[in-house]
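Source file: run-v9.txt (compact mmCIF, C-alpha atoms)
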# COMPACT_ATOMS: atom_id res chain seq x y z
CA MET O 8 -50.31 30.45 36.48
CA ILE O 9 -53.20 28.01 36.36
CA ASP O 10 -54.76 25.39 38.63
CA PRO O 11 -56.39 23.11 36.03
CA SER O 12 -59.70 21.40 36.74
CA ARG O 13 -59.88 17.62 36.72
CA LYS O 14 -60.75 16.13 33.34
CA GLU O 15 -63.61 14.06 34.76
CA SER O 16 -65.27 17.18 36.25
CA LYS O 17 -66.49 18.40 32.85
CA GLU O 18 -68.22 15.11 32.10
CA ALA O 19 -69.65 14.94 35.64
CA ILE O 20 -71.17 18.42 35.37
CA LYS O 21 -72.60 17.55 31.95
CA LYS O 22 -74.23 14.49 33.54
CA CYS O 23 -75.66 16.70 36.28
CA LYS O 24 -77.35 18.93 33.71
CA THR O 25 -79.04 16.00 31.95
CA ALA O 26 -80.05 14.57 35.34
CA GLY O 27 -81.74 17.79 36.44
CA ILE O 28 -79.08 18.60 39.04
CA LYS O 29 -78.02 22.23 39.29
CA VAL O 30 -74.33 22.78 40.08
CA ILE O 31 -73.32 25.99 41.87
CA MET O 32 -69.73 27.06 42.51
CA ILE O 33 -68.96 28.77 45.83
CA THR O 34 -65.34 29.85 46.23
CA GLY O 35 -63.06 32.21 48.07
CA ASP O 36 -61.15 32.90 44.84
CA HIS O 37 -61.29 36.12 42.83
CA ILE O 38 -64.39 36.38 40.67
CA ASN O 39 -62.39 36.37 37.42
CA THR O 40 -60.68 33.15 38.47
CA ALA O 41 -64.04 31.61 39.42
CA ILE O 42 -65.61 32.58 36.08
CA ALA O 43 -62.64 31.14 34.15
CA ILE O 44 -62.80 27.82 36.00
CA GLY O 45 -66.58 27.74 35.68
CA LYS O 46 -66.33 28.25 31.92
CA ASP O 47 -63.75 25.48 31.69
CA VAL O 48 -65.92 22.88 33.45
CA GLY O 49 -69.30 24.00 32.10
CA ILE O 50 -70.69 26.16 34.94
CA ILE O 51 -71.71 29.22 32.96
CA GLY O 52 -74.06 31.95 34.14
CA LYS O 53 -74.41 34.86 36.52
CA ALA O 54 -71.51 35.36 38.92
CA ILE O 55 -71.38 37.64 41.98
CA THR O 56 -69.01 38.37 44.84
CA GLY O 57 -69.66 38.16 48.56
CA GLU O 58 -69.72 41.97 48.65
CA GLN O 59 -72.51 42.03 46.06
CA LEU O 60 -74.30 39.28 47.94
CA ASP O 61 -74.40 41.47 51.07
CA LYS O 62 -76.41 44.04 49.12
CA ILE O 63 -79.12 41.54 48.13
CA GLU O 64 -81.89 41.55 50.73
CA ASN O 65 -84.11 38.73 49.48
CA LEU O 66 -81.61 36.22 48.14
CA GLU O 67 -84.30 33.60 47.51
CA ASP O 68 -85.67 35.83 44.73
CA HIS O 69 -82.33 35.76 42.90
CA VAL O 70 -80.67 32.48 43.97
CA GLU O 71 -81.97 30.48 40.98
CA ASP O 72 -80.20 32.83 38.55
CA ILE O 73 -76.76 32.80 40.21
CA VAL O 74 -74.35 29.93 39.51
CA ILE O 75 -71.01 31.32 40.78
CA TYR O 76 -70.26 32.97 44.12
CA ALA O 77 -66.74 34.38 44.65
CA ARG O 78 -64.94 35.91 47.61
CA VAL O 79 -67.50 34.52 50.07
CA ASN O 80 -67.32 33.99 53.83
CA PRO O 81 -69.01 31.34 56.03
CA GLU O 82 -72.11 33.52 56.60
CA HIS O 83 -72.63 33.84 52.86
CA LYS O 84 -72.56 30.06 52.44
CA ILE O 85 -75.31 29.62 55.04
CA ARG O 86 -77.42 32.31 53.32
CA ILE O 87 -77.06 30.54 49.97
CA VAL O 88 -78.07 27.18 51.43
CA GLU O 89 -81.07 28.73 53.22
CA ALA O 90 -82.20 30.56 50.08
CA LEU O 91 -82.03 27.35 48.01
CA LYS O 92 -83.97 25.41 50.63
CA THR O 93 -86.59 28.19 50.70
CA LYS O 94 -87.10 27.54 46.98
CA LYS O 95 -87.72 23.85 47.84
CA TYR O 96 -84.39 22.57 46.48
CA ILE O 97 -82.67 19.57 48.06
CA VAL O 98 -79.21 20.98 48.77
CA ALA O 99 -75.98 19.00 48.82
CA MET O 100 -73.08 21.13 50.06
CA THR O 101 -69.40 20.25 49.82
CA GLY O 102 -66.62 21.66 51.94
CA ASP O 103 -63.37 20.88 53.72
CA GLY O 104 -62.55 23.61 56.23
CA VAL O 105 -63.72 24.51 59.71
CA ASN O 106 -65.53 27.53 58.29
CA ASP O 107 -67.56 25.24 56.01
CA ALA O 108 -69.02 23.27 58.94
CA PRO O 109 -72.09 25.52 59.58
CA ALA O 110 -73.16 25.38 55.91
CA LEU O 111 -72.49 21.62 55.73
CA LYS O 112 -74.72 21.15 58.77
CA LYS O 113 -77.42 23.40 57.33
CA ALA O 114 -77.59 21.60 53.97
CA ASP O 115 -79.81 18.58 53.41
CA ILE O 116 -76.68 16.56 52.64
CA GLY O 117 -73.31 17.79 53.84
CA ILE O 118 -70.38 16.27 51.94
CA ALA O 119 -66.94 16.66 53.52
CA MET O 120 -63.64 16.04 51.77
CA GLY O 121 -62.04 12.85 53.05
CA ILE O 122 -58.44 13.74 52.18
CA THR O 123 -58.17 17.49 52.74
CA GLY O 124 -61.19 17.85 55.00
CA THR O 125 -60.88 18.81 58.65
CA ASP O 126 -62.35 16.71 61.43
CA VAL O 127 -64.87 19.46 62.15
CA ALA O 128 -66.13 19.41 58.54
CA LYS O 129 -66.38 15.62 58.61
CA GLU O 130 -68.35 15.64 61.87
CA ALA O 131 -70.80 18.18 60.44
CA SER O 132 -71.45 16.14 57.27
CA GLU O 133 -73.64 13.21 56.31
CA MET O 134 -71.14 11.97 53.72
CA ILE O 135 -67.35 11.90 53.49
CA LEU O 136 -65.88 11.93 49.99
CA ALA O 137 -62.96 9.51 50.18
CA ASP O 138 -61.20 10.72 47.02
CA ASP O 139 -62.14 14.46 47.14
CA ASN O 140 -63.46 14.12 43.58
CA PHE O 141 -66.65 15.84 42.45
CA ALA O 142 -67.23 13.13 39.82
CA THR O 143 -67.59 10.59 42.63
CA ILE O 144 -70.61 12.50 43.96
CA VAL O 145 -72.25 12.19 40.54
CA LYS O 146 -71.45 8.46 40.47
CA ALA O 147 -73.06 8.16 43.92
CA VAL O 148 -76.21 9.86 42.59
CA GLU O 149 -76.31 7.40 39.70
CA GLU O 150 -75.84 4.48 42.10
CA GLY O 151 -78.58 5.85 44.36
CA ARG O 152 -81.02 6.15 41.47
CA THR O 153 -80.20 2.60 40.39
CA VAL O 154 -80.75 1.26 43.91
CA PHE O 155 -84.13 3.03 44.11
CA ASP O 156 -85.09 1.62 40.68
CA ASN O 157 -84.14 -1.89 41.77
CA ILE O 158 -86.13 -1.59 44.99
CA LYS O 159 -89.19 -0.62 42.90
CA LYS O 160 -88.63 -3.60 40.59
CA PHE O 161 -88.16 -5.96 43.56
CA VAL O 162 -91.31 -4.74 45.32
CA GLU O 163 -93.47 -4.68 42.17
CA TYR O 164 -92.42 -8.22 41.26
CA LEU O 165 -93.05 -9.65 44.74
CA LEU O 166 -96.37 -7.88 45.29
CA SER O 167 -97.80 -8.63 41.84
CA SER O 168 -96.77 -12.30 42.05
CA ASN O 169 -98.12 -12.76 45.57
CA ILE O 170 -101.35 -10.95 44.74
CA GLY O 171 -101.67 -13.33 41.79
CA GLU O 172 -101.50 -16.26 44.22
CA VAL O 173 -103.99 -14.66 46.61
CA PHE O 174 -106.48 -13.88 43.85
CA THR O 175 -106.16 -17.41 42.46
CA ILE O 176 -107.34 -18.90 45.75
CA PHE O 177 -109.83 -16.07 46.42
CA PHE O 178 -111.58 -16.38 43.04
CA ALA O 179 -111.65 -20.17 43.31
CA ILE O 180 -113.45 -19.94 46.68
CA LEU O 181 -115.70 -17.10 45.44
CA PHE O 182 -116.92 -19.14 42.46
CA ASN O 183 -117.16 -22.37 44.45
CA MET O 184 -114.38 -24.09 42.50
CA PRO O 185 -112.07 -26.85 43.78
CA LEU O 186 -108.71 -25.55 45.02
CA PRO O 187 -106.49 -25.11 41.94
CA VAL O 188 -103.32 -25.08 44.04
CA LEU O 189 -102.69 -26.92 47.30
CA PRO O 190 -101.23 -25.17 50.39
CA LEU O 191 -97.92 -27.07 50.11
CA GLN O 192 -97.71 -26.15 46.42
CA LEU O 193 -98.24 -22.47 47.31
CA LEU O 194 -95.45 -22.71 49.86
CA TRP O 195 -93.18 -24.20 47.18
CA ILE O 196 -94.09 -21.40 44.74
CA ASN O 197 -93.14 -18.80 47.35
CA LEU O 198 -89.83 -20.53 48.03
CA LEU O 199 -89.03 -20.55 44.30
CA THR O 200 -90.24 -17.08 43.30
CA ASP O 201 -89.64 -15.01 46.45
CA GLY O 202 -86.07 -16.20 46.70
CA PHE O 203 -83.41 -16.02 44.03
CA PRO O 204 -85.39 -14.34 41.19
CA ALA O 205 -86.49 -11.51 43.48
CA LEU O 206 -83.00 -11.07 44.94
CA ALA O 207 -81.47 -11.08 41.45
CA LEU O 208 -83.60 -8.05 40.54
CA GLY O 209 -81.77 -6.20 43.28
CA VAL O 210 -78.50 -6.35 41.32
CA GLU O 211 -79.87 -5.08 38.00
CA LYS O 212 -77.46 -2.75 36.20
CA PRO O 213 -78.37 0.95 35.76
CA GLU O 214 -80.80 1.64 32.95
CA GLU O 215 -79.42 3.72 30.08
CA ASP O 216 -81.56 6.75 30.91
CA VAL O 217 -80.98 6.71 34.67
CA MET O 218 -79.02 9.99 34.50
CA LYS O 219 -81.30 11.55 31.90
CA ARG O 220 -84.33 11.69 34.16
CA GLN O 221 -85.40 14.60 36.29
CA PRO O 222 -85.00 14.05 40.05
CA ARG O 223 -87.87 12.23 41.71
CA LYS O 224 -89.99 13.95 44.31
CA VAL O 225 -88.66 13.68 47.86
CA LYS O 226 -91.84 12.06 49.14
CA GLU O 227 -92.34 9.77 46.16
CA GLU O 228 -93.62 6.40 47.35
CA ILE O 229 -92.16 3.12 46.17
CA VAL O 230 -95.69 1.92 45.45
CA ASN O 231 -97.49 4.98 44.10
CA LYS O 232 -101.00 4.95 42.61
CA PRO O 233 -100.05 4.02 38.99
CA ARG O 234 -97.64 1.34 40.18
CA GLY O 235 -100.21 0.01 42.64
CA ILE O 236 -102.81 -0.30 39.85
CA THR O 237 -100.25 -2.13 37.68
CA ILE O 238 -99.45 -4.55 40.51
CA VAL O 239 -103.13 -5.40 41.09
CA LEU O 240 -103.84 -5.79 37.35
CA ILE O 241 -100.89 -8.17 36.90
CA GLY O 242 -102.09 -10.18 39.90
CA ILE O 243 -105.63 -10.42 38.51
CA VAL O 244 -104.40 -11.53 35.07
CA MET O 245 -102.19 -14.19 36.69
CA ALA O 246 -105.17 -15.50 38.63
CA ILE O 247 -107.44 -15.55 35.56
CA ILE O 248 -104.86 -17.43 33.46
CA THR O 249 -104.19 -19.98 36.22
CA LEU O 250 -107.88 -20.63 36.88
CA SER O 251 -108.64 -20.85 33.14
CA ILE O 252 -106.01 -23.57 32.67
CA PHE O 253 -107.27 -25.37 35.77
CA GLN O 254 -110.89 -25.29 34.56
CA TRP O 255 -109.83 -26.40 31.08
CA TYR O 256 -108.13 -29.52 32.46
CA ASN O 257 -110.49 -30.25 35.38
CA PRO O 258 -113.50 -31.44 33.32
CA LEU O 259 -111.20 -34.16 31.92
CA LYS O 260 -111.79 -35.99 35.24
CA ASP O 261 -108.10 -35.81 36.09
CA HIS O 262 -108.11 -33.46 39.07
CA VAL O 263 -104.46 -34.13 39.97
CA LYS O 264 -103.30 -33.17 36.47
CA ALA O 265 -105.46 -30.04 36.52
CA GLN O 266 -103.84 -29.01 39.80
CA THR O 267 -100.37 -29.82 38.45
CA MET O 268 -101.07 -27.63 35.42
CA ALA O 269 -102.33 -24.75 37.57
CA PHE O 270 -99.35 -25.18 39.90
CA THR O 271 -96.86 -25.10 37.01
CA VAL O 272 -98.55 -22.26 35.16
CA LEU O 273 -98.49 -20.12 38.30
CA VAL O 274 -94.75 -20.74 38.68
CA MET O 275 -94.02 -20.01 35.01
CA LEU O 276 -96.17 -16.87 35.06
CA GLN O 277 -93.96 -15.53 37.82
CA MET O 278 -90.80 -16.47 35.93
CA PHE O 279 -91.98 -14.42 32.94
CA ASN O 280 -93.22 -11.68 35.24
CA VAL O 281 -89.71 -11.20 36.65
CA LEU O 282 -88.55 -10.38 33.12
CA ASN O 283 -91.29 -7.73 32.89
CA GLN O 284 -89.76 -5.95 35.86
CA LYS O 285 -86.35 -5.41 34.23
CA SER O 286 -87.66 -2.06 33.04
CA GLU O 287 -90.73 -0.16 34.19
CA GLU O 288 -91.17 1.69 30.89
CA LYS O 289 -89.05 0.05 28.17
CA SER O 290 -90.35 -2.89 26.17
CA ILE O 291 -88.71 -6.20 26.97
CA PHE O 292 -87.83 -6.44 23.27
CA LYS O 293 -85.67 -3.29 23.57
CA ILE O 294 -83.53 -4.45 26.48
CA ASN O 295 -80.94 -7.18 26.90
CA ILE O 296 -82.67 -9.79 29.06
CA PHE O 297 -79.41 -11.76 29.40
CA GLU O 298 -77.47 -8.81 30.84
CA ASN O 299 -78.12 -9.83 34.45
CA LYS O 300 -76.57 -13.31 34.63
CA TRP O 301 -77.81 -13.78 38.21
CA LEU O 302 -81.39 -13.25 37.12
CA ILE O 303 -81.10 -15.75 34.26
CA LEU O 304 -79.46 -18.25 36.61
CA ALA O 305 -82.22 -17.74 39.19
CA ILE O 306 -84.97 -18.26 36.60
CA ALA O 307 -83.28 -21.35 35.17
CA SER O 308 -82.76 -22.83 38.66
CA SER O 309 -86.40 -22.22 39.60
CA ILE O 310 -87.67 -23.88 36.41
CA ILE O 311 -85.37 -26.89 36.90
CA LEU O 312 -86.56 -27.30 40.50
CA GLN O 313 -90.18 -27.14 39.34
CA ILE O 314 -89.49 -29.83 36.74
CA LEU O 315 -87.93 -32.05 39.43
CA VAL O 316 -91.03 -31.65 41.61
CA ILE O 317 -93.21 -32.81 38.72
CA TYR O 318 -91.15 -35.75 37.42
CA ILE O 319 -89.42 -37.30 40.46
CA PRO O 320 -91.80 -39.86 42.02
CA PHE O 321 -90.76 -38.98 45.58
CA PHE O 322 -91.86 -35.35 45.09
CA ASP O 323 -95.01 -36.43 43.23
CA ILE O 324 -96.22 -38.03 46.45
CA ILE O 325 -95.33 -35.03 48.64
CA PHE O 326 -96.72 -32.31 46.35
CA GLU O 327 -99.52 -34.45 44.85
CA THR O 328 -98.43 -33.80 41.26
CA THR O 329 -98.30 -35.90 38.11
CA PRO O 330 -95.85 -35.83 35.16
CA LEU O 331 -96.87 -33.55 32.27
CA GLU O 332 -96.66 -34.40 28.58
CA ILE O 333 -95.03 -32.28 25.86
CA LYS O 334 -98.40 -30.93 24.73
CA ASP O 335 -99.10 -29.88 28.33
CA TRP O 336 -95.83 -27.94 28.45
CA ILE O 337 -96.76 -26.17 25.21
CA VAL O 338 -99.98 -25.03 26.92
CA VAL O 339 -98.00 -23.95 30.02
CA ILE O 340 -95.51 -21.88 27.99
CA LEU O 341 -98.16 -20.23 25.82
CA ALA O 342 -100.35 -19.42 28.82
CA SER O 343 -97.40 -18.02 30.78
CA LEU O 344 -96.20 -15.88 27.86
CA SER O 345 -99.52 -14.05 27.96
CA ILE O 346 -98.31 -12.13 31.05
CA LEU O 347 -95.50 -10.68 28.92
CA VAL O 348 -98.02 -9.60 26.28
CA PHE O 349 -100.28 -8.04 28.92
CA VAL O 350 -97.49 -6.00 30.53
CA GLU O 351 -96.22 -4.90 27.09
CA ILE O 352 -99.71 -3.53 26.41
CA LEU O 353 -99.67 -1.73 29.78
CA LYS O 354 -96.28 -0.16 28.97
CA PHE O 355 -97.58 0.95 25.57
CA PHE O 356 -100.58 2.74 27.11
CA LYS O 357 -98.38 4.34 29.81
CA LYS O 358 -96.33 6.04 27.08
CA MET O 359 -99.42 7.49 25.41

So that I can check it, write out the structure of this file as structure tokens.
Amino acid sequence: MIDPSRKESKEAIKKCKTAGIKVIMITGDHINTAIAIGKDVGIIGKAITGEQLDKIENLEDHVEDIVIYARVNPEHKIRIVEALKTKKYIVAMTGDGVNDAPALKKADIGIAMGITGTDVAKEASEMILADDNFATIVKAVEEGRTVFDNIKKFVEYLLSSNIGEVFTIFFAILFNMPLPVLPLQLLWINLLTDGFPALALGVEKPEEDVMKRQPRKVKEEIVNKPRGITIVLIGIVMAIITLSIFQWYNPLKDHVKAQTMAFTVLVMLQMFNVLNQKSEEKSIFKINIFENKWLILAIASSIILQILVIYIPFFDIIFETTPLEIKDWIVVILASLSILVFVEILKFFKKM
């Protein structure tokens, strides 16, 4: 007689190992049965019974070595959860019966079975597993890591771009320069860059190594010190590039064109900067920049809208801009590409 494990369980447990997630089996079955199932799905290591567990006084000293618990009762489950938490683990506990409720409540994340689970177990849990499938928990972890990654990308893009705008105005005032960008132009930049491109970063697909990383620290901040330094550096570089282009064109006695150039460069810098945020560590040349169609559509839409503002006479009057020539656009593109080069250099030094 055999109760075979689900095929997807083996792959899910393998993913857990590469992701730094330790899987422990707790069962009421006979220890030989538990060991056989554990071997089948890839949970291999020390196995003990509830009777042996009763004889261990300081479970926290041994809990990291044990991967299978057989013939356990509800009190044992609580002891196991407490011992793991004592060792600073974040514990996710699954269960379906009434007797699982205390351990589900005690764990950091209680996960009740949605199909076979009792109402008591569901009430005691933070999550309800709709399909009673362990592999779904692993998929949820992957989704959670992806969401956290995308939040970091979203925040880093918005902060670095907005700091770039702030520094552009700040440095211009500090060095007694004419305003390179008008208030209405700044508002337009924010409408273009803080809208669709930023939102499109929120639907980035999981990175290839998302389940090959070790778990992040519980109290890890979205903007930690290294990321904060990167954000400020990107903002400073954006400001320097924008002001350099403005100063280059301003002595030509065409102040409106100089402002139009600064205005356009600042927009294009942010369009290239959004591509930088597709991966925090990987080079842009090693990823598929066209994978997120929403991001490409958002960038294209923003560039088209910027072109309309420059070339339609009605908008020229409102935004105080002037049409740019082909040679001007070459300068804009080359200047804006420099932000890609700068961030590539930053990524290179981060790996060292």

What are the closest atom pairs, with distances in Å to one decimal, for each residue of stretch 115-210 of chain O lying within 9 Å of stretch 306-316 of chain O, using only C-alpha atoms, rows by chain and rising residue number, as CSV?
residue,atom,partner,partner_atom,distance
O:Trp195,CA,O:Gln313,CA,8.9
O:Ile196,CA,O:Gln313,CA,8.8
O:Leu199,CA,O:Ser309,CA,5.6
O:Thr200,CA,O:Ser309,CA,7.4
O:Phe203,CA,O:Ile306,CA,7.9
O:Pro204,CA,O:Ile306,CA,6.1

So which residues touch O:Ile33 within 12 Å, counting all atoms listed in the file, skipping near sequence neighbours fewer than 5 positions away, as an MDAnalysis selection string? chainID O and resid 38 40:42 44:45 50 54:57 60 73:81 83:88 100:102 107 110

Could you save those same residues with C-alpha atoms as a PDB file, keeping the file's coordinate frame?
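Once everything was written out, this is part_4.pdb:
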ATOM      1  CA  ILE O  38     -64.390  36.380  40.670  1.00  0.00           C
ATOM      2  CA  THR O  40     -60.680  33.150  38.470  1.00  0.00           C
ATOM      3  CA  ALA O  41     -64.040  31.610  39.420  1.00  0.00           C
ATOM      4  CA  ILE O  42     -65.610  32.580  36.080  1.00  0.00           C
ATOM      5  CA  ILE O  44     -62.800  27.820  36.000  1.00  0.00           C
ATOM      6  CA  GLY O  45     -66.580  27.740  35.680  1.00  0.00           C
ATOM      7  CA  ILE O  50     -70.690  26.160  34.940  1.00  0.00           C
ATOM      8  CA  ALA O  54     -71.510  35.360  38.920  1.00  0.00           C
ATOM      9  CA  ILE O  55     -71.380  37.640  41.980  1.00  0.00           C
ATOM     10  CA  THR O  56     -69.010  38.370  44.840  1.00  0.00           C
ATOM     11  CA  GLY O  57     -69.660  38.160  48.560  1.00  0.00           C
ATOM     12  CA  LEU O  60     -74.300  39.280  47.940  1.00  0.00           C
ATOM     13  CA  ILE O  73     -76.760  32.800  40.210  1.00  0.00           C
ATOM     14  CA  VAL O  74     -74.350  29.930  39.510  1.00  0.00           C
ATOM     15  CA  ILE O  75     -71.010  31.320  40.780  1.00  0.00           C
ATOM     16  CA  TYR O  76     -70.260  32.970  44.120  1.00  0.00           C
ATOM     17  CA  ALA O  77     -66.740  34.380  44.650  1.00  0.00           C
ATOM     18  CA  ARG O  78     -64.940  35.910  47.610  1.00  0.00           C
ATOM     19  CA  VAL O  79     -67.500  34.520  50.070  1.00  0.00           C
ATOM     20  CA  ASN O  80     -67.320  33.990  53.830  1.00  0.00           C
ATOM     21  CA  PRO O  81     -69.010  31.340  56.030  1.00  0.00           C
ATOM     22  CA  HIS O  83     -72.630  33.840  52.860  1.00  0.00           C
ATOM     23  CA  LYS O  84     -72.560  30.060  52.440  1.00  0.00           C
ATOM     24  CA  ILE O  85     -75.310  29.620  55.040  1.00  0.00           C
ATOM     25  CA  ARG O  86     -77.420  32.310  53.320  1.00  0.00           C
ATOM     26  CA  ILE O  87     -77.060  30.540  49.970  1.00  0.00           C
ATOM     27  CA  VAL O  88     -78.070  27.180  51.430  1.00  0.00           C
ATOM     28  CA  MET O 100     -73.080  21.130  50.060  1.00  0.00           C
ATOM     29  CA  THR O 101     -69.400  20.250  49.820  1.00  0.00           C
ATOM     30  CA  GLY O 102     -66.620  21.660  51.940  1.00  0.00           C
ATOM     31  CA  ASP O 107     -67.560  25.240  56.010  1.00  0.00           C
ATOM     32  CA  ALA O 110     -73.160  25.380  55.910  1.00  0.00           C
TER      33      ALA O 110
END

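Restricting the calculation to only C-alpha atoms, the smallest distance between O:Val162 and any of O:Glu228, O:Glu89, O:Asp68, O:Glu298 is found for O:Glu228.
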
Show me, as JSON, numbers by chain, the residues that have an atom within 6 Å of stretch 243-257 of chain O when counting only C-alpha atoms, minus same-chain residues fewer than 6 positions from it. {"O": [171, 174, 175, 265, 269]}

Skipping near chain neighbours, those fewer than 3 positions away, what residues fall within 12 Å of O:Glu71 using all atoms listed in the file, listed as a count of residues only? 20

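Nearest to O:Asp139 of all the residues O:Gly209, O:Gly35, O:Gly124, O:Gly202 is O:Gly124, counting all atoms listed in the file.
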
Write out as a Markdown table a residue-level contact list of stretch 106-215 of chain O versus stretch 323-326 of chain O with cut-off 9 Å: for each qualifying residue the closest pair of atoms and the distance in Å to one decimal, counting only C-alpha atoms, rows sorted by chain and residue number upward.
| residue | atom | partner | partner_atom | distance |
| --- | --- | --- | --- | --- |
| O:Leu189 | CA | O:Phe326 | CA | 8.1 |
| O:Leu191 | CA | O:Phe326 | CA | 6.6 |
| O:Gln192 | CA | O:Phe326 | CA | 6.2 |
| O:Trp195 | CA | O:Phe326 | CA | 8.9 |

Show me a table, sorted first by chain and then by increasing residue number, of the residues of stretch 115-227 of chain O having an atom at most 8 Å from stretch 270-286 of chain O, each with its shortest atom pair and the distance in Å to one decimal, counting all atoms listed in the file and written as a tab-separated table.
residue	atom	partner	partner_atom	distance
O:Lys160	CA	O:Gln284	CA	5.4
O:Phe161	CA	O:Gln284	CA	7.9
O:Glu163	CA	O:Gln284	CA	7.4
O:Tyr164	CA	O:Val281	CA	6.1
O:Ser168	CA	O:Gln277	CA	6.0
O:Glu172	CA	O:Leu273	CA	7.7
O:Pro187	CA	O:Phe270	CA	7.4
O:Val188	CA	O:Phe270	CA	5.7
O:Gln192	CA	O:Phe270	CA	6.8
O:Leu193	CA	O:Phe270	CA	8.0
O:Ile196	CA	O:Val274	CA	6.1
O:Thr200	CA	O:Gln277	CA	6.8
O:Pro204	CA	O:Val281	CA	7.0
O:Ala205	CA	O:Val281	CA	7.6
O:Leu208	CA	O:Lys285	CA	7.4
O:Glu211	CA	O:Lys285	CA	7.5
O:Glu214	CA	O:Ser286	CA	7.8

So what do you get for atom CA of O:Val154 versus atom CA of O:Leu206, distance-wise? 12.6 Å

Reconstruct N, CA and C atoms of stretch 301-314 of chain O; output as a compact mmCIF listing (two decimals), keeping the file's coordinate frame.
# COMPACT_ATOMS: atom_id res chain seq x y z
N TRP O 301 -77.23 -13.22 36.97
CA TRP O 301 -77.81 -13.78 38.21
C TRP O 301 -79.30 -14.01 38.05
N LEU O 302 -79.96 -13.11 37.34
CA LEU O 302 -81.39 -13.25 37.12
C LEU O 302 -81.69 -14.46 36.23
N ILE O 303 -80.92 -14.60 35.16
CA ILE O 303 -81.10 -15.75 34.26
C ILE O 303 -80.83 -17.06 35.00
N LEU O 304 -79.78 -17.05 35.82
CA LEU O 304 -79.46 -18.25 36.61
C LEU O 304 -80.57 -18.57 37.60
N ALA O 305 -81.14 -17.54 38.21
CA ALA O 305 -82.22 -17.74 39.19
C ALA O 305 -83.46 -18.30 38.52
N ILE O 306 -83.80 -17.77 37.33
CA ILE O 306 -84.97 -18.26 36.60
C ILE O 306 -84.76 -19.71 36.17
N ALA O 307 -83.58 -19.98 35.63
CA ALA O 307 -83.28 -21.35 35.17
C ALA O 307 -83.32 -22.33 36.33
N SER O 308 -82.76 -21.95 37.47
CA SER O 308 -82.76 -22.83 38.66
C SER O 308 -84.18 -23.11 39.14
N SER O 309 -85.02 -22.06 39.14
CA SER O 309 -86.40 -22.22 39.60
C SER O 309 -87.18 -23.16 38.69
N ILE O 310 -86.96 -23.02 37.37
CA ILE O 310 -87.67 -23.88 36.41
C ILE O 310 -87.21 -25.33 36.56
N ILE O 311 -85.91 -25.53 36.73
CA ILE O 311 -85.37 -26.89 36.90
C ILE O 311 -85.94 -27.54 38.16
N LEU O 312 -86.00 -26.78 39.25
CA LEU O 312 -86.56 -27.30 40.50
C LEU O 312 -88.03 -27.67 40.35
N GLN O 313 -88.77 -26.85 39.58
CA GLN O 313 -90.18 -27.14 39.34
C GLN O 313 -90.33 -28.43 38.53
N ILE O 314 -89.46 -28.60 37.56
CA ILE O 314 -89.49 -29.83 36.74
C ILE O 314 -89.21 -31.06 37.61
